[in-house]
Structures are given as structure tokens and as C-alpha cells.
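Here's run-v1.tsv, which has TSV, C-alpha atoms:
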```tsv
chain	number	residue	atom	x	y	z
A	1	ALA	CA	-5.04	10.10	11.52
A	2	ALA	CA	-6.14	7.92	8.61
A	3	PRO	CA	-9.91	7.45	8.21
A	4	ASN	CA	-11.38	4.19	9.49
A	5	ASN	CA	-12.74	2.36	6.43
A	6	HIS	CA	-13.88	-0.72	8.34
A	7	PRO	CA	-17.29	-1.63	6.85
A	8	SER	CA	-18.95	-2.15	10.25
A	9	VAL	CA	-18.12	1.37	11.51
A	10	ARG	CA	-20.14	4.37	10.38
A	11	PRO	CA	-17.56	7.18	9.95
A	12	ASP	CA	-20.38	9.55	8.95
A	13	MET	CA	-21.71	9.14	12.50
A	14	ILE	CA	-18.73	8.57	14.85
A	15	GLU	CA	-15.03	9.22	15.15
A	16	VAL	CA	-12.24	8.17	17.49
A	17	ARG	CA	-10.22	10.99	19.01
A	18	ASP	CA	-8.10	11.89	22.03
A	19	THR	CA	-9.19	14.40	24.67
A	20	ASP	CA	-7.16	16.14	27.35
A	21	ARG	CA	-9.59	15.22	30.15
A	22	ALA	CA	-10.74	11.68	29.33
A	23	GLY	CA	-8.16	10.20	26.96
A	24	ARG	CA	-9.12	8.35	23.81
A	25	GLY	CA	-12.81	7.79	23.07
A	26	VAL	CA	-15.56	7.41	20.50
A	27	PHE	CA	-17.60	10.53	19.76
A	28	ALA	CA	-20.66	11.28	17.62
A	29	VAL	CA	-19.88	13.64	14.75
A	30	ARG	CA	-23.54	14.70	14.54
A	31	ARG	CA	-26.78	14.29	16.48
A	32	LEU	CA	-28.00	10.68	16.46
A	33	LYS	CA	-31.42	9.25	17.25
A	34	ALA	CA	-31.59	6.90	20.25
A	35	GLY	CA	-31.04	3.32	19.10
A	36	THR	CA	-29.06	4.23	15.96
A	37	GLU	CA	-26.54	1.50	15.13
A	38	VAL	CA	-23.13	3.06	14.63
A	39	VAL	CA	-20.82	0.04	15.05
A	40	ARG	CA	-21.33	-3.65	14.47
A	41	ALA	CA	-18.53	-5.96	15.53
A	42	LEU	CA	-17.98	-9.47	16.81
A	43	PRO	CA	-16.79	-9.63	20.40
A	44	ALA	CA	-13.16	-10.45	21.06
A	45	ALA	CA	-14.30	-12.77	23.82
A	46	ALA	CA	-17.59	-13.84	25.32
A	47	VAL	CA	-17.55	-15.93	28.46
A	48	CYS	CA	-20.30	-17.03	30.84
A	49	ASN	CA	-19.70	-16.21	34.47
A	50	ASP	CA	-19.72	-19.13	36.90
A	51	THR	CA	-23.39	-18.83	37.78
A	52	ALA	CA	-24.42	-18.82	34.10
A	53	LEU	CA	-22.34	-21.85	33.07
A	54	SER	CA	-25.17	-24.20	33.99
A	55	SER	CA	-27.99	-22.13	32.50
A	56	HIS	CA	-26.61	-20.61	29.27
A	57	CYS	CA	-24.90	-21.80	26.09
A	58	CYS	CA	-21.16	-21.24	26.48
A	59	VAL	CA	-20.88	-20.12	22.83
A	60	CYS	CA	-23.90	-17.95	21.99
A	61	LEU	CA	-24.90	-17.22	25.63
A	62	SER	CA	-28.55	-18.13	24.98
A	63	PRO	CA	-30.58	-19.32	27.99
A	64	LEU	CA	-30.93	-23.12	28.06
A	65	PRO	CA	-33.57	-25.52	29.35
A	66	THR	CA	-32.67	-26.96	32.75
A	67	THR	CA	-32.47	-30.41	31.15
A	68	THR	CA	-29.51	-29.46	28.90
A	69	PRO	CA	-26.63	-31.79	29.82
A	70	PRO	CA	-23.09	-30.44	30.31
A	71	CYS	CA	-20.24	-31.20	27.92
A	72	GLY	CA	-19.09	-34.80	28.34
A	73	LYS	CA	-15.41	-33.78	28.46
A	74	CYS	CA	-15.27	-30.76	30.79
A	75	ARG	CA	-18.59	-31.53	32.59
A	76	THR	CA	-19.03	-27.79	33.04
A	77	SER	CA	-20.13	-25.90	29.92
A	78	ARG	CA	-23.38	-26.46	28.08
A	79	LEU	CA	-24.22	-25.84	24.44
A	80	CYS	CA	-27.59	-25.07	22.87
A	81	GLY	CA	-28.75	-27.41	20.09
A	82	ARG	CA	-27.72	-25.01	17.33
A	83	CYS	CA	-24.18	-24.56	18.69
A	84	ALA	CA	-23.78	-28.26	19.49
A	85	ALA	CA	-24.57	-29.03	15.83
A	86	SER	CA	-22.19	-26.38	14.47
A	87	PRO	CA	-18.55	-27.41	13.89
A	88	ALA	CA	-17.48	-23.75	14.14
A	89	ALA	CA	-19.28	-23.29	17.46
A	90	ARG	CA	-17.79	-26.53	18.78
A	91	LEU	CA	-14.33	-25.11	18.02
A	92	VAL	CA	-15.13	-22.10	20.21
A	93	HIS	CA	-15.91	-24.42	23.12
A	94	ASP	CA	-12.92	-26.66	22.39
A	95	ASP	CA	-10.65	-23.71	23.26
A	96	GLU	CA	-12.00	-23.61	26.83
A	97	CYS	CA	-12.92	-27.28	27.27
A	98	GLN	CA	-9.46	-28.56	28.15
A	99	ALA	CA	-8.91	-25.80	30.73
A	100	LEU	CA	-12.29	-26.43	32.36
A	101	ALA	CA	-11.63	-30.18	32.41
A	102	LEU	CA	-8.34	-29.54	34.24
A	103	LEU	CA	-10.18	-27.43	36.81
A	104	ARG	CA	-12.55	-30.34	37.49
A	105	SER	CA	-9.94	-33.13	37.39
A	106	PRO	CA	-6.50	-31.65	38.03
A	107	PRO	CA	-3.28	-33.68	38.11
A	108	ALA	CA	-2.53	-35.74	41.23
A	109	GLY	CA	-1.82	-33.67	44.32
A	110	ILE	CA	-3.94	-30.68	43.31
A	111	ALA	CA	-7.46	-30.32	44.71
A	112	PRO	CA	-10.26	-29.93	42.14
A	113	LEU	CA	-11.98	-26.55	42.01
A	114	GLU	CA	-15.75	-26.19	42.20
A	115	ASP	CA	-15.91	-23.16	39.93
A	116	THR	CA	-13.61	-21.02	37.80
A	117	ARG	CA	-13.93	-18.13	40.24
A	118	SER	CA	-11.94	-20.23	42.71
A	119	LEU	CA	-9.06	-20.35	40.26
A	120	ARG	CA	-9.13	-16.59	39.72
A	121	GLN	CA	-9.12	-15.96	43.48
A	122	GLN	CA	-6.10	-18.22	43.94
A	123	GLN	CA	-4.17	-16.36	41.24
A	124	GLN	CA	-4.74	-12.84	42.60
A	125	PRO	CA	-1.62	-11.27	44.13
A	126	GLN	CA	-1.67	-11.00	47.92
```
What's the C-alpha cells form of this structure?
Amino acid sequence: AAPNNHPSVRPDMIEVRDTDRAGRGVFAVRRLKAGTEVVRALPAAAVCNDTALSSHCCVCLSPLPTTTPPCGKCRTSRLCGRCAASPAARLVHDDECQALALLRSPPAGIAPLEDTRSLRQQQQPQ
């Protein structure tokens, strides 16, 4: 396999390989001290669960004061002051805002859902 030259991965500390018993995994190539950073990467997705939607920023997941108002469009997610002021962070929320707004105010004939968990439960196969 070709070496991983990604700048956030430390190939002098870890490697990816396949095993017969456990499949593909990440393994230390030498002894490491506890707390040693070996990979730094942005998450592919970060989403608050339903109980955290009212108490944490939907973008950076920071805890929020109880007085933080929800988004005026979806009336569900909340943003911290830093994320609310950041155009890039607002774009992150914009991706979920329309879907959350539809959950709260669906088209005629469909009952609104109280939380996103309700939607997931409805979509699970019987």
C-alpha cells in the first residue's frame, strides 16, 4: 500500500492495516505515551442529539446559556455568538435548517414532529 502523506496523520506513529481477526484498523508502530496526538482531522459530520439541540450550539457543539434563542427559521437549533457571527458557520446550519423547519411545519396533511428522533423512528423498517 502507498504511504499516507496526509499532513494531519503521523505515519511515524501509526499505520492502517488489515488483520485476519478484526479486519482493517489503525495500529501504533511504536510505543506511545498516553495523550500523544497521532491524528488531527475535521469531523465528517457533527450533530447534536435531540436533547442537546436546546442547550448546545448546533455548529461547534459548545454549551449555551439558557437564554440563547433558537434559529428564527427552523425554531429548533441554536448557535453560539461566535458561530452566529460567522458566515461559514451559518452555512453549516443552513444545510440542516430547511430539514428541521419541515419537521416543525410540514406540508398540509402531515403532523408536525416534536423532535428529530420521531422522524428516525418512523423511518425504521418494521
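Note that the spacing between atom CA of A:Val47 and atom CA of A:Ala89 amounts to 13.3 Å.
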All residues 6 Å or closer to stretch 11-14 of chain A, all atoms listed in the file, same chain fewer than 3 positions away omitted, as a ChimeraX atom specification
/A:27-29
What box, with edges along x, y and z, holds each listed atom of stretch 81-100 of chain A when 5 Å is added on every side, and can you state its centre and edge lengths in Å to one decimal, as AutoDock Vina command-line options?
```
--center_x -18.8 --center_y -25.6 --center_z 23.1 --size_x 29.8 --size_y 16.9 --size_z 28.5
```
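Each of A:Thr19, A:Pro65, A:Lys73, A:Val59 was checked against A:His93 using only C-alpha atoms; the smallest atom-to-atom distance is that of A:Val59.
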Quick check, in Å to one decimal: how far apart do atom CA of A:Cys60 and atom CA of A:Val26 lie?
26.7 Å
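The coordinates place atom CA of A:Ile110 at 22.3 Å from atom CA of A:Asp95.
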Within 10 Å of A:Thr66, counting all atoms listed in the file, which residues show up once you throw out same-chain ones fewer than 5 positions away? Write them as a PDB file with C-alpha atoms, keeping the file's coordinate frame, please.
```pdb
ATOM      1  CA  SER A  54     -25.170 -24.200  33.990  1.00  0.00           C
ATOM      2  CA  SER A  55     -27.990 -22.130  32.500  1.00  0.00           C
ATOM      3  CA  HIS A  56     -26.610 -20.610  29.270  1.00  0.00           C
TER       4      HIS A  56
END
```
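Across A:Arg90, A:Arg10, A:Arg82, A:Arg75, the tightest approach to A:Arg104 is made by A:Arg75 when counting only C-alpha atoms.
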Nearest to A:Cys57 among A:Cys71, A:Cys80, A:Leu103, A:Ala41, with distances taken over only C-alpha atoms: which residue is it?
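Nearest candidate to A:Cys57 out of A:Cys71, A:Cys80, A:Leu103, A:Ala41: A:Cys80.
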